file coords-v4.csv (CSV, C-alpha atoms)
chain,number,residue,atom,x,y,z
E,1339,MET,CA,32.0,56.6,32.0
E,1340,LYS,CA,28.8,56.2,29.9
E,1341,PHE,CA,29.5,56.8,26.2
E,1342,THR,CA,26.7,58.1,24.0
E,1343,ALA,CA,28.5,58.6,20.7
E,1344,PHE,CA,31.3,57.3,18.5
E,1345,LEU,CA,33.7,59.2,16.2
E,1346,ILE,CA,34.3,57.1,13.1
E,1347,LYS,CA,37.8,57.4,11.6
E,1348,TYR,CA,38.6,56.4,8.1
E,1349,ALA,CA,41.9,56.1,6.2
E,1350,GLU,CA,41.9,55.6,2.4
E,1351,ILE,CA,38.8,57.7,2.0
E,1352,GLY,CA,40.7,60.7,3.2
E,1353,VAL,CA,42.8,60.9,0.0
E,1354,LYS,CA,39.9,60.8,-2.4
E,1355,GLY,CA,39.9,64.5,-3.2
E,1356,ARG,CA,36.8,66.0,-4.7
E,1357,ASN,CA,35.0,62.6,-4.7
E,1358,ARG,CA,35.5,62.0,-1.0
E,1359,TYR,CA,31.9,62.9,-0.2
E,1360,LEU,CA,30.7,59.9,-2.3
E,1361,PHE,CA,32.8,57.5,-0.3
E,1362,GLU,CA,31.7,59.2,3.0
E,1363,ASP,CA,28.1,58.9,2.0
E,1364,ALA,CA,28.6,55.2,1.2
E,1365,LEU,CA,30.3,54.7,4.6
E,1366,VAL,CA,27.4,56.4,6.3
E,1367,HIS,CA,25.0,54.0,4.4
E,1368,GLN,CA,26.9,50.9,5.5
E,1369,ILE,CA,27.1,52.1,9.2
E,1370,LYS,CA,23.3,52.6,9.1
E,1371,PHE,CA,22.8,49.1,7.8
E,1372,ALA,CA,25.2,47.6,10.4
E,1373,LEU,CA,23.5,49.3,13.3
E,1374,LYS,CA,20.0,48.4,12.2
E,1375,LYS,CA,20.6,45.0,13.9
E,1376,CYS,CA,21.4,46.7,17.3
E,1377,GLU,CA,19.0,47.6,20.0
E,1378,GLY,CA,18.4,51.4,20.2
E,1379,LYS,CA,18.3,54.2,17.7
E,1380,PHE,CA,21.3,56.0,16.2
E,1381,LEU,CA,21.8,59.2,14.3
E,1382,ILE,CA,24.7,59.0,11.8
E,1383,HIS,CA,25.9,62.4,10.5
E,1384,LYS,CA,28.9,64.0,8.8
E,1385,THR,CA,30.5,67.3,9.8
E,1386,GLN,CA,33.8,68.9,8.7
E,1387,GLY,CA,35.5,65.7,7.6
E,1388,ARG,CA,34.2,63.7,10.5
E,1389,ILE,CA,31.5,61.0,10.8
E,1390,TYR,CA,29.7,60.7,14.1
E,1391,VAL,CA,27.3,58.0,15.4
E,1392,ASP,CA,25.0,59.4,18.2
E,1393,ALA,CA,22.9,57.1,20.3
E,1394,GLU,CA,19.4,58.4,20.8
E,1395,GLY,CA,18.6,56.9,24.1
E,1396,GLU,CA,19.6,53.6,25.7
E,1397,PHE,CA,21.7,51.2,23.6
E,1398,ASP,CA,24.0,48.2,24.1
E,1399,TYR,CA,27.6,49.6,23.9
E,1400,GLU,CA,29.4,46.3,23.2
E,1401,GLU,CA,26.9,45.3,20.6
E,1402,ALA,CA,27.2,48.6,18.7
E,1403,VAL,CA,31.0,48.4,18.8
E,1404,GLU,CA,30.9,44.8,17.5
E,1405,HIS,CA,28.7,45.7,14.5
E,1406,LEU,CA,30.8,48.8,13.7
E,1407,ARG,CA,33.9,46.6,13.7
E,1408,HIS,CA,32.5,44.8,10.6
E,1409,VAL,CA,32.0,47.9,8.5
E,1410,PHE,CA,34.6,48.2,5.7
E,1411,GLY,CA,35.9,51.7,5.4
E,1412,ILE,CA,36.2,52.2,9.2
E,1413,SER,CA,39.8,52.4,10.4
E,1414,GLY,CA,39.0,53.3,14.0
E,1415,ILE,CA,36.0,53.6,16.3
E,1416,CYS,CA,36.4,56.2,19.1
E,1417,PRO,CA,34.0,56.2,22.0
E,1418,VAL,CA,33.2,59.9,22.5
E,1419,VAL,CA,31.9,62.1,25.4
E,1420,TYR,CA,30.1,65.3,24.3
E,1421,VAL,CA,30.4,68.5,26.4
E,1422,GLU,CA,28.3,71.6,25.8
E,1423,ASP,CA,30.4,74.8,25.7
E,1424,GLU,CA,29.8,76.1,29.2
E,1425,GLY,CA,33.3,77.5,29.8
E,1426,PHE,CA,36.7,76.0,30.3
E,1427,GLU,CA,36.2,75.1,34.0
E,1428,LYS,CA,33.3,72.9,33.1
E,1429,LEU,CA,35.4,71.3,30.4
E,1430,CYS,CA,38.2,70.6,32.9
E,1431,ASP,CA,35.7,69.0,35.4
E,1432,THR,CA,34.4,66.7,32.6
E,1433,VAL,CA,37.9,65.7,31.5
E,1434,VAL,CA,39.0,64.9,35.0
E,1435,THR,CA,35.9,62.8,35.5
E,1436,TYR,CA,36.5,61.1,32.1
E,1437,MET,CA,40.1,60.2,33.0
E,1438,ALA,CA,39.2,58.9,36.5
E,1439,ASP,CA,36.5,56.7,35.0
E,1440,VAL,CA,38.2,55.4,32.0
E,1441,TYR,CA,41.7,54.9,33.5
E,1442,PRO,CA,41.5,53.6,37.1
E,1443,ASP,CA,45.2,52.7,36.8
E,1444,ARG,CA,46.9,56.1,37.1
E,1445,ASN,CA,50.5,54.9,36.5
E,1446,LYS,CA,50.4,56.1,32.9
E,1447,THR,CA,51.8,58.8,30.8
E,1448,PHE,CA,49.5,61.1,28.8
E,1449,LYS,CA,49.4,63.9,26.2
E,1450,VAL,CA,46.6,66.4,25.5
E,1451,HIS,CA,45.9,67.0,21.9
E,1452,ALA,CA,43.4,69.8,21.3
E,1453,ARG,CA,42.0,70.8,17.9
E,1454,ARG,CA,40.1,74.0,17.7
E,1455,ALA,CA,37.9,73.8,14.7
E,1456,ARG,CA,35.7,76.6,16.0
E,1457,LYS,CA,37.9,79.6,15.8
E,1458,ASN,CA,35.8,81.8,18.1
E,1459,TYR,CA,36.7,79.6,21.1
E,1460,PRO,CA,38.6,81.8,23.6
E,1461,LYS,CA,41.6,79.5,23.9
E,1462,GLU,CA,43.9,78.4,21.1
E,1463,SER,CA,44.9,74.7,20.7
E,1464,MET,CA,48.3,75.0,22.3
E,1465,GLU,CA,46.9,76.9,25.3
E,1466,ILE,CA,44.2,74.2,25.8
E,1467,ASN,CA,47.0,71.6,25.7
E,1468,MET,CA,49.0,73.3,28.4
E,1469,ASP,CA,46.2,74.4,30.7
E,1470,MET,CA,44.4,71.0,30.5
E,1471,GLY,CA,47.7,69.2,31.1
E,1472,GLU,CA,48.3,71.3,34.2
E,1473,VAL,CA,44.8,70.5,35.5
E,1474,LEU,CA,45.3,66.7,35.0
E,1475,LEU,CA,48.7,66.7,36.7
E,1476,LYS,CA,47.1,68.4,39.8
E,1477,ALA,CA,44.2,65.9,39.8
E,1478,PHE,CA,46.4,62.9,39.2
E,1479,PRO,CA,49.9,63.5,40.6
E,1480,GLU,CA,51.0,59.9,39.8
E,1481,MET,CA,50.5,60.6,36.0
E,1482,LYS,CA,53.2,62.1,33.9
E,1483,VAL,CA,53.3,63.9,30.6
E,1484,ASP,CA,55.0,62.3,27.6
E,1485,VAL,CA,54.6,64.3,24.4
E,1486,HIS,CA,56.4,61.7,22.2
E,1487,ASN,CA,55.0,58.3,23.1
E,1488,PRO,CA,52.2,58.6,25.7
E,1489,ASP,CA,50.1,55.7,27.0
E,1490,ILE,CA,47.1,58.0,26.7
E,1491,LEU,CA,46.5,60.5,23.9
E,1492,LEU,CA,43.6,62.6,25.1
E,1493,ASN,CA,41.9,64.3,22.2
E,1494,ILE,CA,39.7,67.4,22.7
E,1495,GLU,CA,38.0,68.7,19.6
E,1496,ILE,CA,36.3,72.1,19.8
E,1497,ARG,CA,33.4,72.2,17.4
E,1498,GLU,CA,29.7,73.2,17.9
E,1499,LYS,CA,30.0,70.8,20.8
E,1500,ILE,CA,33.2,69.7,22.5
E,1501,TYR,CA,34.2,66.1,21.9
E,1502,ILE,CA,36.5,64.2,24.3
E,1503,TYR,CA,38.0,60.8,23.4
E,1504,SER,CA,41.2,58.8,23.9
E,1505,GLU,CA,40.5,55.2,22.9
E,1506,ILE,CA,40.6,54.0,19.2
E,1507,ILE,CA,39.1,50.6,18.6
E,1508,PRO,CA,40.5,49.2,15.4
E,1509,GLY,CA,38.1,48.8,12.5
E,1510,PRO,CA,38.5,46.5,9.5
E,1511,GLY,CA,39.8,49.2,7.1
E,1512,GLY,CA,39.3,48.9,3.4
E,1513,MET,CA,36.7,50.8,1.4
E,1514,PRO,CA,32.9,51.1,1.9
E,1515,VAL,CA,31.0,48.3,0.2
E,1516,GLY,CA,29.3,49.6,-3.0
E,1517,THR,CA,32.0,52.0,-4.0
E,1518,GLY,CA,33.9,49.5,-6.2
E,1519,GLY,CA,31.0,48.0,-8.3
E,1520,LYS,CA,29.6,44.5,-8.0
E,1521,ALA,CA,31.0,41.0,-8.6
E,1522,MET,CA,29.8,37.4,-8.5
E,1523,LEU,CA,31.4,35.0,-6.0
E,1524,LEU,CA,31.5,31.3,-6.7
E,1525,LEU,CA,30.8,30.2,-3.2
E,1526,SER,CA,31.4,26.6,-2.0
E,1527,GLY,CA,31.3,25.1,1.4
E,1528,GLY,CA,35.1,25.2,1.7
E,1529,ILE,CA,37.6,27.5,3.5
E,1530,ASP,CA,38.8,29.5,0.5
E,1531,SER,CA,35.8,31.0,-1.3
E,1532,PRO,CA,34.3,32.9,1.7
E,1533,VAL,CA,37.7,34.4,2.4
E,1534,ALA,CA,38.0,35.5,-1.2
E,1535,GLY,CA,34.6,37.1,-1.0
E,1536,TYR,CA,35.6,38.9,2.2
E,1537,MET,CA,38.8,40.2,0.6
E,1538,ILE,CA,37.1,41.6,-2.5
E,1539,ALA,CA,34.3,43.1,-0.5
E,1540,LYS,CA,37.0,44.9,1.6
E,1541,ARG,CA,38.0,46.8,-1.5
E,1542,GLY,CA,34.5,48.2,-1.8
E,1543,VAL,CA,32.9,45.6,-4.1
E,1544,LYS,CA,29.3,44.5,-3.6
E,1545,ILE,CA,29.1,40.7,-3.5
E,1546,ASP,CA,26.5,38.4,-5.1
E,1547,ALA,CA,27.1,34.7,-4.9
E,1548,VAL,CA,26.3,31.5,-6.7
E,1549,TYR,CA,26.4,28.0,-5.2
E,1550,PHE,CA,26.3,24.7,-7.2
E,1551,HIS,CA,24.2,22.1,-5.4
E,1552,ALA,CA,24.1,18.5,-6.4
E,1553,PRO,CA,21.3,16.6,-4.7
E,1554,PRO,CA,21.1,13.8,-3.7
E,1555,TYR,CA,24.9,13.6,-3.7
E,1556,THR,CA,25.1,16.7,-1.5
E,1557,SER,CA,22.6,17.1,1.3
E,1558,GLU,CA,20.4,19.9,2.4
E,1559,ARG,CA,22.8,20.4,5.3
E,1560,ALA,CA,25.6,21.1,2.8
E,1561,LYS,CA,23.4,23.7,1.2
E,1562,GLN,CA,22.6,25.2,4.7
E,1563,LYS,CA,26.4,25.3,5.4
E,1564,VAL,CA,26.9,27.6,2.4
E,1565,VAL,CA,24.0,29.8,3.4
E,1566,ASP,CA,25.6,30.0,6.9
E,1567,LEU,CA,28.9,31.0,5.3
E,1568,ALA,CA,27.2,33.7,3.2
E,1569,ARG,CA,25.5,35.0,6.3
E,1570,ILE,CA,28.9,35.4,8.1
E,1571,VAL,CA,30.4,37.1,5.1
E,1572,SER,CA,27.4,39.4,4.9
E,1573,ARG,CA,28.3,40.8,8.3
E,1574,TYR,CA,31.1,42.6,6.4
E,1575,ALA,CA,29.7,42.7,2.8
E,1576,GLY,CA,26.1,43.6,3.4
E,1577,PRO,CA,23.1,41.6,2.1
E,1578,ILE,CA,24.2,38.9,-0.4
E,1579,TYR,CA,22.0,37.7,-3.2
E,1580,LEU,CA,22.7,33.9,-3.2
E,1581,HIS,CA,21.8,32.0,-6.4
E,1582,VAL,CA,21.6,28.2,-5.8
E,1583,ILE,CA,22.0,26.1,-9.0
E,1584,ASN,CA,21.0,22.5,-9.2
E,1585,PHE,CA,24.1,21.1,-10.9
E,1586,THR,CA,23.3,17.3,-10.6
E,1587,ASP,CA,22.2,16.5,-14.1
E,1588,ILE,CA,25.1,18.5,-15.6
E,1589,GLN,CA,27.6,16.7,-13.5
E,1590,LEU,CA,26.2,13.3,-14.2
E,1591,TYR,CA,26.2,14.0,-18.0
E,1592,ILE,CA,29.8,15.2,-17.9
E,1593,HIS,CA,30.7,12.1,-15.9
E,1594,GLU,CA,29.0,9.9,-18.5
E,1595,LYS,CA,30.5,11.6,-21.6
E,1596,CYS,CA,33.9,12.9,-20.7
E,1597,PRO,CA,37.2,11.3,-19.6
E,1598,HIS,CA,37.2,11.0,-15.9
E,1599,GLU,CA,40.6,12.7,-15.4
E,1600,GLU,CA,39.2,15.8,-17.0
E,1601,LEU,CA,35.9,15.8,-15.0
E,1602,THR,CA,37.0,18.6,-12.6
E,1603,ILE,CA,38.2,20.9,-15.3
E,1604,ILE,CA,35.2,20.5,-17.5
E,1605,MET,CA,32.7,20.8,-14.6
E,1606,ARG,CA,34.6,23.9,-13.5
E,1607,ARG,CA,34.3,25.4,-17.0
E,1608,TYR,CA,30.5,24.9,-16.9
E,1609,MET,CA,30.3,26.4,-13.4
E,1610,MET,CA,32.1,29.5,-14.7
E,1611,ARG,CA,29.8,29.7,-17.8
E,1612,ILE,CA,26.7,29.6,-15.6
E,1613,ALA,CA,28.1,32.0,-13.0
E,1614,GLU,CA,29.0,34.4,-15.8
E,1615,HIS,CA,25.5,34.2,-17.3
E,1616,ILE,CA,24.0,35.1,-13.9
E,1617,ALA,CA,26.7,37.8,-13.4
E,1618,LYS,CA,25.8,39.5,-16.6
E,1619,GLU,CA,22.1,39.4,-16.0
E,1620,THR,CA,22.7,41.0,-12.5
E,1621,GLU,CA,25.1,43.6,-13.8
E,1622,CYS,CA,28.2,42.2,-12.1
E,1623,LEU,CA,31.6,43.4,-13.4
E,1624,GLY,CA,33.5,40.2,-12.7
E,1625,LEU,CA,33.7,36.8,-11.1
E,1626,ILE,CA,35.4,36.0,-7.8
E,1627,THR,CA,36.9,32.6,-6.9
E,1628,GLY,CA,39.0,31.3,-4.0
E,1629,GLU,CA,41.6,29.7,-6.2
E,1630,SER,CA,45.3,29.6,-5.1
E,1631,ILE,CA,48.0,28.5,-7.5
E,1632,GLY,CA,48.9,24.8,-7.1
E,1633,GLN,CA,46.6,24.1,-4.2
E,1634,VAL,CA,44.7,21.3,-6.0
E,1635,ALA,CA,44.7,19.9,-9.5
E,1636,SER,CA,42.1,22.4,-10.8
E,1637,GLN,CA,44.2,25.3,-9.6
E,1638,THR,CA,47.5,24.8,-11.5
E,1639,MET,CA,48.5,27.4,-14.0
E,1640,HIS,CA,47.4,25.2,-16.8
E,1641,SER,CA,44.0,24.5,-15.2
E,1642,LEU,CA,43.4,28.2,-14.5
E,1643,ILE,CA,44.0,29.0,-18.2
E,1644,ALA,CA,41.5,26.3,-19.1
E,1645,THR,CA,38.8,27.7,-16.8
E,1646,ASN,CA,39.5,31.3,-17.7
E,1647,GLU,CA,39.1,30.6,-21.4
E,1648,VAL,CA,35.3,30.3,-21.2
E,1649,CYS,CA,34.8,33.7,-19.5
E,1650,GLU,CA,34.4,37.1,-21.0
E,1651,LEU,CA,34.3,38.9,-17.6
E,1652,PRO,CA,37.4,39.2,-15.6
E,1653,VAL,CA,38.0,36.6,-12.9
E,1654,TYR,CA,39.3,38.0,-9.6
E,1655,ARG,CA,41.4,35.6,-7.4
E,1656,PRO,CA,42.5,37.5,-4.3
E,1657,LEU,CA,44.0,34.3,-2.8
E,1658,ILE,CA,46.1,33.4,-5.8
E,1659,GLY,CA,49.5,33.8,-4.0
E,1660,PHE,CA,48.3,32.6,-0.5
E,1661,ASP,CA,49.3,29.2,1.0
E,1662,LYS,CA,46.7,27.3,2.9
E,1663,GLN,CA,47.8,28.4,6.4
E,1664,GLU,CA,47.5,32.0,5.4
E,1665,ILE,CA,43.9,31.4,4.1
E,1666,VAL,CA,43.0,29.6,7.3
E,1667,GLU,CA,44.3,32.5,9.4
E,1668,VAL,CA,42.0,34.9,7.6
E,1669,SER,CA,39.0,32.5,7.8
E,1670,GLU,CA,39.6,32.3,11.6
E,1671,LYS,CA,39.8,36.1,11.9
E,1672,ILE,CA,36.5,36.6,10.1
E,1673,GLY,CA,34.7,33.7,11.7
E,1674,THR,CA,34.1,31.4,8.7
E,1675,PHE,CA,36.6,28.6,9.6
E,1676,GLU,CA,34.5,26.6,12.0
E,1677,THR,CA,31.6,26.5,9.6
E,1678,SER,CA,33.8,25.7,6.6
E,1679,ILE,CA,35.3,22.6,8.2
E,1680,GLN,CA,31.9,21.0,9.0
E,1681,PRO,CA,31.8,17.6,7.3
E,1682,PHE,CA,29.3,18.2,4.6
E,1683,GLU,CA,30.6,17.6,1.1
E,1684,ASP,CA,30.0,19.9,-1.8
E,1685,CYS,CA,29.5,18.8,-5.4
E,1686,CYS,CA,33.2,19.3,-6.4
E,1687,THR,CA,34.5,16.9,-3.8
E,1688,ILE,CA,31.8,14.3,-4.6
E,1689,PHE,CA,32.7,14.0,-8.3
E,1690,VAL,CA,36.5,14.4,-8.1
E,1691,ALA,CA,38.5,11.9,-10.2
E,1692,LYS,CA,41.0,9.6,-8.6
E,1693,HIS,CA,43.8,10.9,-10.9
E,1694,PRO,CA,42.8,14.4,-12.2
E,1695,VAL,CA,44.8,16.0,-15.0
E,1696,THR,CA,47.1,18.8,-13.7
E,1697,LYS,CA,48.2,20.1,-17.0
E,1698,PRO,CA,45.1,20.1,-19.2
E,1699,ASN,CA,45.6,20.7,-22.9
E,1700,LEU,CA,43.0,23.3,-23.9
E,1701,ASN,CA,42.5,21.8,-27.4
E,1702,VAL,CA,41.9,18.4,-25.9
E,1703,ILE,CA,39.4,19.8,-23.4
E,1704,ARG,CA,37.5,21.6,-26.1
E,1705,ARG,CA,37.4,18.4,-28.2
E,1706,HIS,CA,36.0,16.3,-25.3
E,1707,GLU,CA,33.4,19.0,-24.5
E,1708,HIS,CA,31.9,18.3,-27.9
E,1709,ASN,CA,30.8,14.9,-26.5
E,1710,LEU,CA,28.3,17.0,-24.6
E,1711,ASP,CA,26.7,18.8,-27.5
E,1712,GLU,CA,23.6,16.7,-27.6
E,1713,LYS,CA,22.1,17.8,-24.3
E,1714,ILE,CA,24.4,20.2,-22.5
E,1715,GLU,CA,22.7,23.5,-23.6
E,1716,GLU,CA,19.3,22.1,-22.6
E,1717,LEU,CA,20.7,21.1,-19.2
E,1718,VAL,CA,22.3,24.5,-18.6
E,1719,LYS,CA,19.1,26.2,-19.6
E,1720,THR,CA,17.1,24.1,-17.1
E,1721,ALA,CA,19.7,24.7,-14.4
E,1722,LEU,CA,19.3,28.5,-14.9
E,1723,GLU,CA,15.5,28.4,-15.1
E,1724,THR,CA,15.2,26.4,-11.9
E,1725,ALA,CA,17.8,28.4,-9.9
E,1726,GLU,CA,16.8,29.4,-6.4
E,1727,MET,CA,17.6,32.9,-5.3
E,1728,MET,CA,17.7,34.0,-1.6
E,1729,ILE,CA,18.8,37.2,0.1
E,1730,VAL,CA,21.2,36.4,3.0
E,1731,GLU,CA,21.9,39.0,5.6

call {"tool": "encode", "arguments": {"input": "coords-v4.csv", "output": "structure tokens"}}
result
Amino acid sequence: MKFTAFLIKYAEIGVKGRNRYLFEDALVHQIKFALKKCEGKFLIHKTQGRIYVDAEGEFDYEEAVEHLRHVFGISGICPVVYVEDEGFEKLCDTVVTYMADVYPDRNKTFKVHARRARKNYPKESMEINMDMGEVLLKAFPEMKVDVHNPDILLNIEIREKIYIYSEIIPGPGGMPVGTGGKAMLLLSGGIDSPVAGYMIAKRGVKIDAVYFHAPPYTSERAKQKVVDLARIVSRYAGPIYLHVINFTDIQLYIHEKCPHEELTIIMRRYMMRIAEHIAKETECLGLITGESIGQVASQTMHSLIATNEVCELPVYRPLIGFDKQEIVEVSEKIGTFETSIQPFEDCCTIFVAKHPVTKPNLNVIRRHEHNLDEKIEELVKTALETAEMMIVE
């Protein structure tokens, strides 16, 4: 059976009431973006609470499905066969052909579920269910009807055209990107931050990202690793504006002027300050980090208070209650894990202290940051002025 269209199912969008059309429009936009990378042309259109993707000519079915499976907001992808309304007998012939092609193993139970959206069709839904069921039992005697838990749920929708489908390929769920505002992700080369970006994007948030690079202590390959991670996340989140900050001079200055057990916390505070500055300039509504309580010294409750203190924008931490294995499982699912474990160090791991403080005292941290007063503002200004910005998609 050659499919030429898809019915797109959504879940949460369906309860949005009067604003539902805004979410549907955003979903259509994201579908168009995802399918731009596929061979072939597609027409995406809405009708009566449905979104359809029609292929206009030849296309790669598997490629199209794979791209649609990365679109947040889609709960199911249904390969559809269109039938022109040329009478019930023609419909029966098409359905029998469909079942024969799609299900070569006939030892299955089935149920026909008709929906007559066009009320001038001569048969009512229940009549279609019974008559089509009878046709299928005659065509395939080895099949049986099960109205409660069928192996095959054959859907027939009577609209301007008639749509036939039975398979639902799971989508990622969530909300369409762009419906929840925009936020700035602090993206490193580790396992956690790409997962955090993915999870916030799944709630409809557009993602920008900032990466802190420390040449020559971190290599160009470490930077490319982060770009690669951003590209993987962008399959779900759409184009990502990635800001690359040269953090070397700031780190060396902190290393020179501050107690070494506080290096991680103080460096983290300056990362948050810089990320927030860029976030405000780009109209982001918050910061995103991959922190999880207690995973490392900079992620204890005391440390999180110390880093939060320098921010005016809210900091979103979707992994806060996850353990490492749970984070790894998500990273494997979305395809970032193998890239994250490549052995190219980021700036945080290079400058980590041997015995970092786990319960930093905020007053002490503030006092030691005064050691930086002579040059730190100039260094931060230079880092912002020399930032590199690239669009990753």

call {"tool": "closest_residue", "arguments": {"input": "coords-v4.csv", "among": "E:Arg1705, E:Arg1611, E:Arg1407, E:Lys1449", "to": "E:Leu1475", "atoms": "all atoms listed in the file"}}
result
E:Lys1449

call {"tool": "residues_near_point", "arguments": {"input": "coords-v4.csv", "point": "(17.6, 55.5, 14.3)", "cutoff": "12 Å", "atoms": "all atoms listed in the file", "output": "PyMOL selection string"}}
result
chain E and resi 1369-1383+1391-1397

call {"tool": "residues_around", "arguments": {"input": "coords-v4.csv", "residues": "E:Val1515", "least_positions_apart": "2", "cutoff": "10 Å", "atoms": "all atoms listed in the file", "output": "MDAnalysis selection string"}}
result
chainID E and resid 1361 1364:1365 1367:1368 1409:1411 1512:1513 1517:1520 1538:1545 1574:1576

call {"tool": "residues_around", "arguments": {"input": "coords-v4.csv", "residues": "stretch 1616-1619 of chain E", "least_positions_apart": "3", "cutoff": "12 Å", "atoms": "only C-alpha atoms", "output": "PyMOL selection string"}}
result
chain E and resi 1520-1524+1545-1549+1579-1583+1609-1613+1622-1626+1649-1653+1718-1719+1721-1723+1725-1727

call {"tool": "closest_residue", "arguments": {"input": "coords-v4.csv", "among": "E:Glu1495, E:Asp1587, E:Glu1712, E:Glu1599", "to": "E:Leu1429", "atoms": "all atoms listed in the file"}}
result
E:Glu1495

call {"tool": "closest_residue", "arguments": {"input": "coords-v4.csv", "among": "E:Thr1645, E:Glu1707, E:Gly1527, E:Ile1494", "to": "E:His1593", "atoms": "all atoms listed in the file"}}
result
E:Glu1707

call {"tool": "atom_distance", "arguments": {"input": "coords-v4.csv", "atom1": "atom CA of E:Glu1422", "atom2": "atom CA of E:Ile1507"}}
result
24.7 Å

call {"tool": "closest_residue", "arguments": {"input": "coords-v4.csv", "among": "E:Thr1556, E:Thr1677, E:Thr1385, E:Thr1696", "to": "E:Asn1584", "atoms": "all atoms listed in the file"}}
result
E:Thr1556

call {"tool": "closest_residue", "arguments": {"input": "coords-v4.csv", "among": "E:Ile1578, E:Ile1665, E:Val1564, E:Val1634", "to": "E:Gln1680", "atoms": "only C-alpha atoms"}}
result
E:Val1564

call {"tool": "closest_residue", "arguments": {"input": "coords-v4.csv", "among": "E:Lys1446, E:Ile1412, E:Val1730, E:Cys1596", "to": "E:Asp1566", "atoms": "all atoms listed in the file"}}
result
E:Val1730

call {"tool": "residues_around", "arguments": {"input": "coords-v4.csv", "residues": "E:Phe1448", "least_positions_apart": "4", "cutoff": "9 Å", "atoms": "only C-alpha atoms", "output": "PyMOL selection string"}}
result
chain E and resi 1471+1481-1485+1487-1492

call {"tool": "closest_atom_pairs", "arguments": {"input": "coords-v4.csv", "of": "stretch 1494-1565 of chain E", "to": "stretch 1459-1463 of chain E", "cutoff": "12 Å", "atoms": "all atoms listed in the file", "output": "JSON lines"}}
result
{"residue": "E:Ile1494", "atom": "CA", "partner": "E:Ser1463", "partner_atom": "CA", "distance": 9.2}
{"residue": "E:Glu1495", "atom": "CA", "partner": "E:Ser1463", "partner_atom": "CA", "distance": 9.2}
{"residue": "E:Ile1496", "atom": "CA", "partner": "E:Tyr1459", "partner_atom": "CA", "distance": 7.6}
{"residue": "E:Arg1497", "atom": "CA", "partner": "E:Tyr1459", "partner_atom": "CA", "distance": 8.9}
{"residue": "E:Glu1498", "atom": "CA", "partner": "E:Tyr1459", "partner_atom": "CA", "distance": 10.0}
{"residue": "E:Lys1499", "atom": "CA", "partner": "E:Tyr1459", "partner_atom": "CA", "distance": 11.1}
{"residue": "E:Ile1500", "atom": "CA", "partner": "E:Tyr1459", "partner_atom": "CA", "distance": 10.6}

call {"tool": "atom_distance", "arguments": {"input": "coords-v4.csv", "atom1": "atom CA of E:Arg1358", "atom2": "atom CA of E:Arg1454"}}
result
22.7 Å

call {"tool": "atom_distance", "arguments": {"input": "coords-v4.csv", "atom1": "atom CA of E:Asp1469", "atom2": "atom CA of E:Pro1417"}}
result
23.6 Å

call {"tool": "residues_around", "arguments": {"input": "coords-v4.csv", "residues": "E:Lys1561", "least_positions_apart": "4", "cutoff": "7 Å", "atoms": "all atoms listed in the file", "output": "list in words"}}
result
His1551, Ser1557 and Val1565 of chain E
